[in-house]
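Q: What follows is my_file_28.csv; its format and atoms are CSV, C-alpha atoms.
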chain,number,residue,atom,x,y,z
A,1,MET,CA,124.8,101.6,45.2
A,2,SER,CA,121.8,102.9,47.0
A,3,ARG,CA,119.6,105.8,45.9
A,4,GLU,CA,120.8,107.7,49.0
A,5,ASP,CA,124.5,107.3,48.0
A,6,ASP,CA,123.5,108.7,44.6
A,7,SER,CA,121.8,111.6,46.3
A,8,ASP,CA,124.9,112.3,48.5
A,9,ARG,CA,127.0,112.5,45.4
A,10,ILE,CA,124.5,114.8,43.5
A,11,PHE,CA,124.1,117.3,46.4
A,12,LYS,CA,127.8,117.3,47.2
A,13,ALA,CA,128.5,118.0,43.6
A,14,LEU,CA,126.0,120.8,43.5
A,15,ALA,CA,127.3,122.3,46.8
A,16,ASP,CA,130.1,124.1,45.0
A,17,LYS,CA,129.4,127.3,43.1
A,18,ARG,CA,132.1,126.6,40.5
A,19,ARG,CA,130.4,123.3,39.6
A,20,ARG,CA,127.0,125.1,39.5
A,21,ARG,CA,128.6,127.6,37.1
A,22,ILE,CA,129.7,124.8,34.8
A,23,LEU,CA,126.2,123.4,34.8
A,24,ASP,CA,124.8,126.9,34.0
A,25,LEU,CA,127.1,127.1,31.0
A,26,LEU,CA,126.1,123.6,29.8
A,27,LYS,CA,122.4,124.4,30.2
A,28,ASP,CA,122.8,126.9,27.3
A,29,SER,CA,124.3,124.3,25.0
A,30,PRO,CA,126.6,121.3,25.1
A,31,LYS,CA,130.3,122.3,25.1
A,32,THR,CA,133.7,120.9,24.5
A,33,THR,CA,136.0,120.8,27.4
A,34,GLY,CA,138.2,123.4,25.7
A,35,ALA,CA,135.2,125.8,25.2
A,36,LEU,CA,134.2,125.3,28.9
A,37,CYS,CA,137.7,126.2,30.1
A,38,ALA,CA,137.8,129.2,27.9
A,39,ALA,CA,134.4,130.3,29.4
A,40,ILE,CA,135.9,130.1,32.9
A,41,PRO,CA,139.2,131.9,32.6
A,42,GLU,CA,139.6,132.4,36.3
A,43,LEU,CA,140.1,128.6,36.8
A,44,ASP,CA,143.0,126.7,35.3
A,45,ARG,CA,142.2,123.7,33.0
A,46,CYS,CA,143.3,121.1,35.6
A,47,THR,CA,140.8,122.6,38.2
A,48,VAL,CA,138.0,122.6,35.6
A,49,MET,CA,138.7,119.0,34.8
A,50,GLN,CA,138.6,118.0,38.5
A,51,HIS,CA,135.2,119.6,38.8
A,52,MET,CA,134.0,117.9,35.6
A,53,ARG,CA,135.0,114.6,37.1
A,54,VAL,CA,132.9,115.2,40.2
A,55,LEU,CA,129.9,116.2,38.0
A,56,GLU,CA,130.4,113.1,35.9
A,57,ALA,CA,130.5,110.8,38.9
A,58,ALA,CA,127.3,112.4,40.1
A,59,ASP,CA,125.7,111.7,36.7
A,60,LEU,CA,125.0,115.5,36.3
A,61,ILE,CA,126.9,115.6,33.0
A,62,ILE,CA,127.3,113.1,30.2
A,63,VAL,CA,130.5,113.1,28.3
A,64,GLN,CA,130.9,112.0,24.7
A,65,ARG,CA,134.2,111.7,22.9
A,66,LYS,CA,134.2,112.7,19.2
A,67,GLY,CA,137.6,112.3,17.7
A,68,ARG,CA,140.0,114.3,19.9
A,69,GLU,CA,137.2,116.4,21.4
A,70,ARG,CA,135.3,115.8,24.6
A,71,TRP,CA,131.7,117.0,24.4
A,72,ASN,CA,130.0,117.7,27.7
A,73,TYR,CA,126.2,117.6,28.1
A,74,LEU,CA,124.1,118.6,31.1
A,75,ASN,CA,122.1,115.6,32.3
A,76,ALA,CA,118.8,117.0,33.7
A,77,LEU,CA,117.4,113.7,35.0
A,78,PRO,CA,118.9,113.9,38.5
A,79,ILE,CA,117.6,117.5,38.7
A,80,LYS,CA,114.1,116.3,37.7
A,81,ASP,CA,114.3,113.6,40.4
A,82,ILE,CA,115.0,116.3,43.1
A,83,HIS,CA,111.9,118.1,41.9
A,84,ASP,CA,109.8,115.0,41.8
A,85,ARG,CA,111.0,113.8,45.3
A,86,TRP,CA,109.7,116.9,47.1
A,87,ILE,CA,107.2,118.5,44.8
A,88,GLY,CA,105.8,115.9,42.4
A,89,ASP,CA,102.7,116.3,40.3
A,90,TYR,CA,100.3,117.0,43.1
A,91,ALA,CA,102.0,120.1,44.6
A,92,GLU,CA,103.2,121.5,41.3
A,93,ASN,CA,100.4,123.9,40.7
A,94,ALA,CA,100.4,125.2,44.2
A,95,VAL,CA,104.2,125.8,44.1
A,96,ASN,CA,104.0,127.5,40.7
A,97,LEU,CA,101.4,129.8,42.1
A,98,LEU,CA,103.5,130.6,45.2
A,99,SER,CA,106.5,131.2,43.1
A,100,ARG,CA,104.7,133.7,40.9
A,101,LEU,CA,103.3,135.4,44.0
A,102,LYS,CA,106.8,135.7,45.4
A,103,SER,CA,108.1,137.2,42.2
A,104,ASP,CA,105.3,139.7,42.1
A,105,LEU,CA,105.9,140.8,45.7
A,106,GLU,CA,109.6,141.1,45.1
A,107,ALA,CA,109.3,143.0,41.8
A,108,PRO,CA,110.3,146.7,42.1
A,109,THR,CA,107.2,148.9,41.9
A,110,ASN,CA,107.2,151.4,39.0
B,1,MET,CA,123.6,137.5,51.0
B,2,SER,CA,124.1,136.5,47.4
B,3,ARG,CA,122.0,133.9,45.5
B,4,GLU,CA,125.1,131.7,45.4
B,5,ASP,CA,125.4,131.8,49.2
B,6,ASP,CA,121.8,130.7,49.5
B,7,SER,CA,122.5,127.9,47.0
B,8,ASP,CA,125.5,126.8,49.1
B,9,ARG,CA,123.3,126.6,52.2
B,10,ILE,CA,120.6,124.7,50.3
B,11,PHE,CA,122.8,122.1,48.7
B,12,LYS,CA,124.9,121.5,51.9
B,13,ALA,CA,121.6,121.0,53.8
B,14,LEU,CA,120.4,118.5,51.2
B,15,ALA,CA,123.7,116.7,51.2
B,16,ASP,CA,122.8,114.8,54.4
B,17,LYS,CA,120.5,111.8,54.1
B,18,ARG,CA,119.0,112.4,57.6
B,19,ARG,CA,118.0,115.9,56.5
B,20,ARG,CA,116.5,114.5,53.3
B,21,ARG,CA,114.6,112.0,55.3
B,22,ILE,CA,113.1,114.9,57.4
B,23,LEU,CA,112.0,116.6,54.2
B,24,ASP,CA,110.5,113.3,52.9
B,25,LEU,CA,108.4,113.2,56.1
B,26,LEU,CA,107.3,116.8,55.8
B,27,LYS,CA,106.3,116.3,52.2
B,28,ASP,CA,103.6,114.0,53.3
B,29,SER,CA,102.2,116.6,55.8
B,30,PRO,CA,103.4,119.3,58.1
B,31,LYS,CA,104.4,117.9,61.5
B,32,THR,CA,105.1,119.1,65.0
B,33,THR,CA,108.7,118.7,66.1
B,34,GLY,CA,107.5,116.0,68.6
B,35,ALA,CA,105.9,114.0,65.8
B,36,LEU,CA,109.0,114.3,63.7
B,37,CYS,CA,111.2,113.0,66.5
B,38,ALA,CA,108.8,110.1,67.0
B,39,ALA,CA,109.0,109.3,63.3
B,40,ILE,CA,112.8,109.0,63.5
B,41,PRO,CA,113.4,107.0,66.6
B,42,GLU,CA,117.0,106.2,65.6
B,43,LEU,CA,118.0,109.9,66.2
B,44,ASP,CA,117.8,111.6,69.6
B,45,ARG,CA,115.7,114.8,69.9
B,46,CYS,CA,118.8,117.0,70.1
B,47,THR,CA,120.2,115.7,66.8
B,48,VAL,CA,116.8,116.1,65.1
B,49,MET,CA,116.7,119.7,66.3
B,50,GLN,CA,120.2,120.4,65.0
B,51,HIS,CA,119.2,119.1,61.5
B,52,MET,CA,116.0,121.2,61.6
B,53,ARG,CA,118.0,124.3,62.3
B,54,VAL,CA,120.2,123.6,59.2
B,55,LEU,CA,117.1,123.1,57.1
B,56,GLU,CA,115.5,126.3,58.5
B,57,ALA,CA,118.6,128.3,57.8
B,58,ALA,CA,118.5,127.0,54.2
B,59,ASP,CA,114.9,128.1,54.0
B,60,LEU,CA,113.9,124.5,53.2
B,61,ILE,CA,111.4,124.4,56.1
B,62,ILE,CA,109.2,127.0,57.5
B,63,VAL,CA,108.5,126.9,61.3
B,64,GLN,CA,105.3,128.2,62.9
B,65,ARG,CA,104.8,128.2,66.6
B,66,LYS,CA,101.2,127.5,67.8
B,67,GLY,CA,101.0,127.7,71.6
B,68,ARG,CA,103.6,125.2,72.9
B,69,GLU,CA,103.8,123.4,69.6
B,70,ARG,CA,106.3,124.0,66.8
B,71,TRP,CA,104.9,123.1,63.4
B,72,ASN,CA,107.3,122.4,60.6
B,73,TYR,CA,106.4,122.8,56.9
B,74,LEU,CA,108.4,121.8,53.8
B,75,ASN,CA,109.1,124.9,51.8
B,76,ALA,CA,109.2,123.7,48.2
B,77,LEU,CA,110.2,127.1,46.6
B,78,PRO,CA,114.0,126.5,46.8
B,79,ILE,CA,113.4,123.0,45.2
B,80,LYS,CA,111.5,124.7,42.4
B,81,ASP,CA,114.3,127.2,41.9
B,82,ILE,CA,116.8,124.2,41.4
B,83,HIS,CA,114.5,122.8,38.8
B,84,ASP,CA,114.0,126.1,37.0
B,85,ARG,CA,117.7,126.9,37.1
B,86,TRP,CA,118.7,123.9,35.1
B,87,ILE,CA,115.6,122.7,33.4
B,88,GLY,CA,113.1,125.6,33.0
B,89,ASP,CA,110.0,125.7,30.9
B,90,TYR,CA,111.8,125.0,27.6
B,91,ALA,CA,113.4,121.7,28.4
B,92,GLU,CA,110.6,120.4,30.6
B,93,ASN,CA,108.8,118.3,28.0
B,94,ALA,CA,112.1,116.8,26.7
B,95,VAL,CA,113.1,115.9,30.3
B,96,ASN,CA,109.8,114.4,31.1
B,97,LEU,CA,110.0,112.2,28.0
B,98,LEU,CA,113.5,111.1,28.8
B,99,SER,CA,112.5,110.3,32.4
B,100,ARG,CA,109.5,108.1,31.2
B,101,LEU,CA,111.8,106.4,28.7
B,102,LYS,CA,114.3,105.6,31.5
B,103,SER,CA,111.6,104.2,33.8
B,104,ASP,CA,110.2,102.0,30.9
B,105,LEU,CA,113.7,100.7,30.2
B,106,GLU,CA,114.4,100.0,33.8
B,107,ALA,CA,111.0,98.4,34.6
B,108,PRO,CA,111.2,94.6,35.1
B,109,THR,CA,109.8,92.8,32.1
B,110,ASN,CA,106.8,90.6,32.8
Would you mind writing the structure in this file as structure tokens?
A:
Amino acid sequence: MSREDDSDRIFKALADKRRRRILDLLKDSPKTTGALCAAIPELDRCTVMQHMRVLEAADLIIVQRKGRERWNYLNALPIKDIHDRWIGDYAENAVNLLSRLKSDLEAPTN
Amino acid sequence: MSREDDSDRIFKALADKRRRRILDLLKDSPKTTGALCAAIPELDRCTVMQHMRVLEAADLIIVQRKGRERWNYLNALPIKDIHDRWIGDYAENAVNLLSRLKSDLEAPTN
């Protein structure tokens, strides 16, 4: 499997807002599949499981079974790889500066 | 336009390896459209321009016209936003550590 095949899977997984929402929930803390389903009541369990499988195939979540529970963890390494591919160490300071400038400009004036 | 609509556009733009290749080329240095087309001889100019339009609509490149030339710059801010959304300051050190560990484990032994 080439790196570009991996990237295809990662970006296709991230191109769906329901899957991004699952990652948002897992960023806060690892969750069981039951807890995740409860946190997204607008989707039925089967749909959530389908999205989890896409995320797992893209290596964006890591699943660990403990007894009858299925614990889901956000895997941040592919996200870090995206950052490093197009930003990297060299440009990091410049991008942080630009990002702060943008926030300042967009902040409502008091 | 919601943030999630922006994210849809960004991840769909990144889900094509030819567009990722264009961003790789622009990471090295800003380029004119002519120079970009010359760097990707396997794609005709019209195809390159189509991909550039998708990248520009996703705000991943910034285009500046100078005389008859069209200069294209990588815009790293959406990439930084992806990083901040799922990694952020708090987890950064842990993820860097994990990433180094993974590289060490995957490195060929001498």
Q: Using only C-alpha atoms, which chain A residues lie at most 10 Å away from chain B, written as a VMD selection string?
A: chain A and resid 4 to 5 7 to 18 20 to 21 23 to 28 74 to 88 91 to 92 94 to 96 98 to 99 102
Q: What does chain B look like once superposed on chain A, all Cα atoms paired in sequence order, least squares? Give it as a PDB file with C-alpha atoms, in the frame of the given file.
A:
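Everything below was put into part_0.pdb:
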ATOM      1  CA  MET B   1     124.888 101.715  45.240  1.00  0.00           C
ATOM      2  CA  SER B   2     121.786 102.918  47.011  1.00  0.00           C
ATOM      3  CA  ARG B   3     119.572 105.850  45.879  1.00  0.00           C
ATOM      4  CA  GLU B   4     120.742 107.724  48.974  1.00  0.00           C
ATOM      5  CA  ASP B   5     124.391 107.318  47.947  1.00  0.00           C
ATOM      6  CA  ASP B   6     123.582 108.754  44.550  1.00  0.00           C
ATOM      7  CA  SER B   7     121.763 111.642  46.260  1.00  0.00           C
ATOM      8  CA  ASP B   8     124.847 112.275  48.431  1.00  0.00           C
ATOM      9  CA  ARG B   9     127.036 112.472  45.323  1.00  0.00           C
ATOM     10  CA  ILE B  10     124.549 114.771  43.578  1.00  0.00           C
ATOM     11  CA  PHE B  11     124.054 117.242  46.372  1.00  0.00           C
ATOM     12  CA  LYS B  12     127.815 117.391  47.287  1.00  0.00           C
ATOM     13  CA  ALA B  13     128.543 118.085  43.581  1.00  0.00           C
ATOM     14  CA  LEU B  14     125.964 120.877  43.524  1.00  0.00           C
ATOM     15  CA  ALA B  15     127.253 122.326  46.743  1.00  0.00           C
ATOM     16  CA  ASP B  16     130.146 124.070  44.940  1.00  0.00           C
ATOM     17  CA  LYS B  17     129.405 127.303  43.101  1.00  0.00           C
ATOM     18  CA  ARG B  18     132.120 126.605  40.455  1.00  0.00           C
ATOM     19  CA  ARG B  19     130.395 123.315  39.646  1.00  0.00           C
ATOM     20  CA  ARG B  20     127.040 125.089  39.435  1.00  0.00           C
ATOM     21  CA  ARG B  21     128.536 127.618  37.148  1.00  0.00           C
ATOM     22  CA  ILE B  22     129.703 124.740  34.818  1.00  0.00           C
ATOM     23  CA  LEU B  23     126.162 123.399  34.762  1.00  0.00           C
ATOM     24  CA  ASP B  24     124.783 126.920  34.036  1.00  0.00           C
ATOM     25  CA  LEU B  25     127.089 127.000  30.980  1.00  0.00           C
ATOM     26  CA  LEU B  26     126.069 123.563  29.797  1.00  0.00           C
ATOM     27  CA  LYS B  27     122.413 124.423  30.127  1.00  0.00           C
ATOM     28  CA  ASP B  28     122.778 126.899  27.384  1.00  0.00           C
ATOM     29  CA  SER B  29     124.384 124.281  25.032  1.00  0.00           C
ATOM     30  CA  PRO B  30     126.662 121.312  25.178  1.00  0.00           C
ATOM     31  CA  LYS B  31     130.325 122.352  25.051  1.00  0.00           C
ATOM     32  CA  THR B  32     133.715 120.835  24.423  1.00  0.00           C
ATOM     33  CA  THR B  33     135.990 120.785  27.448  1.00  0.00           C
ATOM     34  CA  GLY B  34     138.209 123.404  25.660  1.00  0.00           C
ATOM     35  CA  ALA B  35     135.257 125.755  25.262  1.00  0.00           C
ATOM     36  CA  LEU B  36     134.295 125.295  28.864  1.00  0.00           C
ATOM     37  CA  CYS B  37     137.788 126.156  30.059  1.00  0.00           C
ATOM     38  CA  ALA B  38     137.753 129.242  27.845  1.00  0.00           C
ATOM     39  CA  ALA B  39     134.436 130.284  29.356  1.00  0.00           C
ATOM     40  CA  ILE B  40     135.925 130.180  32.869  1.00  0.00           C
ATOM     41  CA  PRO B  41     139.236 131.878  32.512  1.00  0.00           C
ATOM     42  CA  GLU B  42     139.585 132.378  36.284  1.00  0.00           C
ATOM     43  CA  LEU B  43     140.100 128.561  36.753  1.00  0.00           C
ATOM     44  CA  ASP B  44     143.043 126.647  35.281  1.00  0.00           C
ATOM     45  CA  ARG B  45     142.292 123.665  32.984  1.00  0.00           C
ATOM     46  CA  CYS B  46     143.289 121.152  35.663  1.00  0.00           C
ATOM     47  CA  THR B  47     140.800 122.539  38.197  1.00  0.00           C
ATOM     48  CA  VAL B  48     138.029 122.612  35.565  1.00  0.00           C
ATOM     49  CA  MET B  49     138.749 118.963  34.804  1.00  0.00           C
ATOM     50  CA  GLN B  50     138.629 118.007  38.479  1.00  0.00           C
ATOM     51  CA  HIS B  51     135.150 119.654  38.832  1.00  0.00           C
ATOM     52  CA  MET B  52     133.957 117.889  35.650  1.00  0.00           C
ATOM     53  CA  ARG B  53     134.962 114.559  37.064  1.00  0.00           C
ATOM     54  CA  VAL B  54     132.866 115.255  40.236  1.00  0.00           C
ATOM     55  CA  LEU B  55     129.914 116.219  38.086  1.00  0.00           C
ATOM     56  CA  GLU B  56     130.360 113.106  35.880  1.00  0.00           C
ATOM     57  CA  ALA B  57     130.535 110.857  38.882  1.00  0.00           C
ATOM     58  CA  ALA B  58     127.263 112.419  40.113  1.00  0.00           C
ATOM     59  CA  ASP B  59     125.759 111.708  36.730  1.00  0.00           C
ATOM     60  CA  LEU B  60     125.046 115.440  36.323  1.00  0.00           C
ATOM     61  CA  ILE B  61     126.937 115.583  32.995  1.00  0.00           C
ATOM     62  CA  ILE B  62     127.245 113.126  30.270  1.00  0.00           C
ATOM     63  CA  VAL B  63     130.581 113.019  28.321  1.00  0.00           C
ATOM     64  CA  GLN B  64     130.876 111.939  24.683  1.00  0.00           C
ATOM     65  CA  ARG B  65     134.175 111.721  22.948  1.00  0.00           C
ATOM     66  CA  LYS B  66     134.168 112.694  19.214  1.00  0.00           C
ATOM     67  CA  GLY B  67     137.640 112.240  17.712  1.00  0.00           C
ATOM     68  CA  ARG B  68     139.985 114.361  19.881  1.00  0.00           C
ATOM     69  CA  GLU B  69     137.146 116.366  21.326  1.00  0.00           C
ATOM     70  CA  ARG B  70     135.297 115.720  24.583  1.00  0.00           C
ATOM     71  CA  TRP B  71     131.737 117.003  24.499  1.00  0.00           C
ATOM     72  CA  ASN B  72     129.988 117.657  27.756  1.00  0.00           C
ATOM     73  CA  TYR B  73     126.180 117.621  28.150  1.00  0.00           C
ATOM     74  CA  LEU B  74     124.048 118.636  31.156  1.00  0.00           C
ATOM     75  CA  ASN B  75     122.088 115.634  32.276  1.00  0.00           C
ATOM     76  CA  ALA B  76     118.873 117.077  33.687  1.00  0.00           C
ATOM     77  CA  LEU B  77     117.358 113.718  34.930  1.00  0.00           C
ATOM     78  CA  PRO B  78     118.878 113.912  38.464  1.00  0.00           C
ATOM     79  CA  ILE B  79     117.539 117.562  38.699  1.00  0.00           C
ATOM     80  CA  LYS B  80     114.106 116.273  37.756  1.00  0.00           C
ATOM     81  CA  ASP B  81     114.316 113.543  40.373  1.00  0.00           C
ATOM     82  CA  ILE B  82     114.992 116.302  43.099  1.00  0.00           C
ATOM     83  CA  HIS B  83     111.932 118.114  41.934  1.00  0.00           C
ATOM     84  CA  ASP B  84     109.738 115.022  41.847  1.00  0.00           C
ATOM     85  CA  ARG B  85     110.987 113.844  45.222  1.00  0.00           C
ATOM     86  CA  TRP B  86     109.757 116.864  47.057  1.00  0.00           C
ATOM     87  CA  ILE B  87     107.251 118.495  44.819  1.00  0.00           C
ATOM     88  CA  GLY B  88     105.742 115.901  42.408  1.00  0.00           C
ATOM     89  CA  ASP B  89     102.728 116.271  40.215  1.00  0.00           C
ATOM     90  CA  TYR B  90     100.310 117.022  43.080  1.00  0.00           C
ATOM     91  CA  ALA B  91     101.935 120.075  44.540  1.00  0.00           C
ATOM     92  CA  GLU B  92     103.194 121.490  41.256  1.00  0.00           C
ATOM     93  CA  ASN B  93     100.373 123.946  40.609  1.00  0.00           C
ATOM     94  CA  ALA B  94     100.413 125.192  44.252  1.00  0.00           C
ATOM     95  CA  VAL B  95     104.212 125.721  44.021  1.00  0.00           C
ATOM     96  CA  ASN B  96     104.013 127.487  40.762  1.00  0.00           C
ATOM     97  CA  LEU B  97     101.403 129.875  42.167  1.00  0.00           C
ATOM     98  CA  LEU B  98     103.436 130.552  45.250  1.00  0.00           C
ATOM     99  CA  SER B  99     106.556 131.186  43.138  1.00  0.00           C
ATOM    100  CA  ARG B 100     104.656 133.761  40.895  1.00  0.00           C
ATOM    101  CA  LEU B 101     103.258 135.396  44.026  1.00  0.00           C
ATOM    102  CA  LYS B 102     106.799 135.731  45.467  1.00  0.00           C
ATOM    103  CA  SER B 103     108.196 137.227  42.250  1.00  0.00           C
ATOM    104  CA  ASP B 104     105.238 139.764  42.087  1.00  0.00           C
ATOM    105  CA  LEU B 105     105.886 140.748  45.698  1.00  0.00           C
ATOM    106  CA  GLU B 106     109.565 141.109  45.172  1.00  0.00           C
ATOM    107  CA  ALA B 107     109.342 142.984  41.826  1.00  0.00           C
ATOM    108  CA  PRO B 108     110.269 146.698  42.112  1.00  0.00           C
ATOM    109  CA  THR B 109     107.176 148.845  41.955  1.00  0.00           C
ATOM    110  CA  ASN B 110     107.056 151.282  39.061  1.00  0.00           C
TER     111      ASN B 110
END
Q: Quick one: distance from CA of Leu36 (chain B) to CA of Val48 (chain B) in Å, one decimal?
A: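 Interatomic distance here is 8.1 Å.
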Q: For the atom pair CA of Met52 (chain B) and CA of Ala39 (chain B), what is the interatomic distance in Å to one decimal place?
A: 13.9 Å
Q: Do you have the CA of Met49 (chain B)-CA of Arg68 (chain B) distance handy?
A: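 Computed distance, CA of Met49 (chain B) to CA of Arg68 (chain B), equals 15.7 Å.
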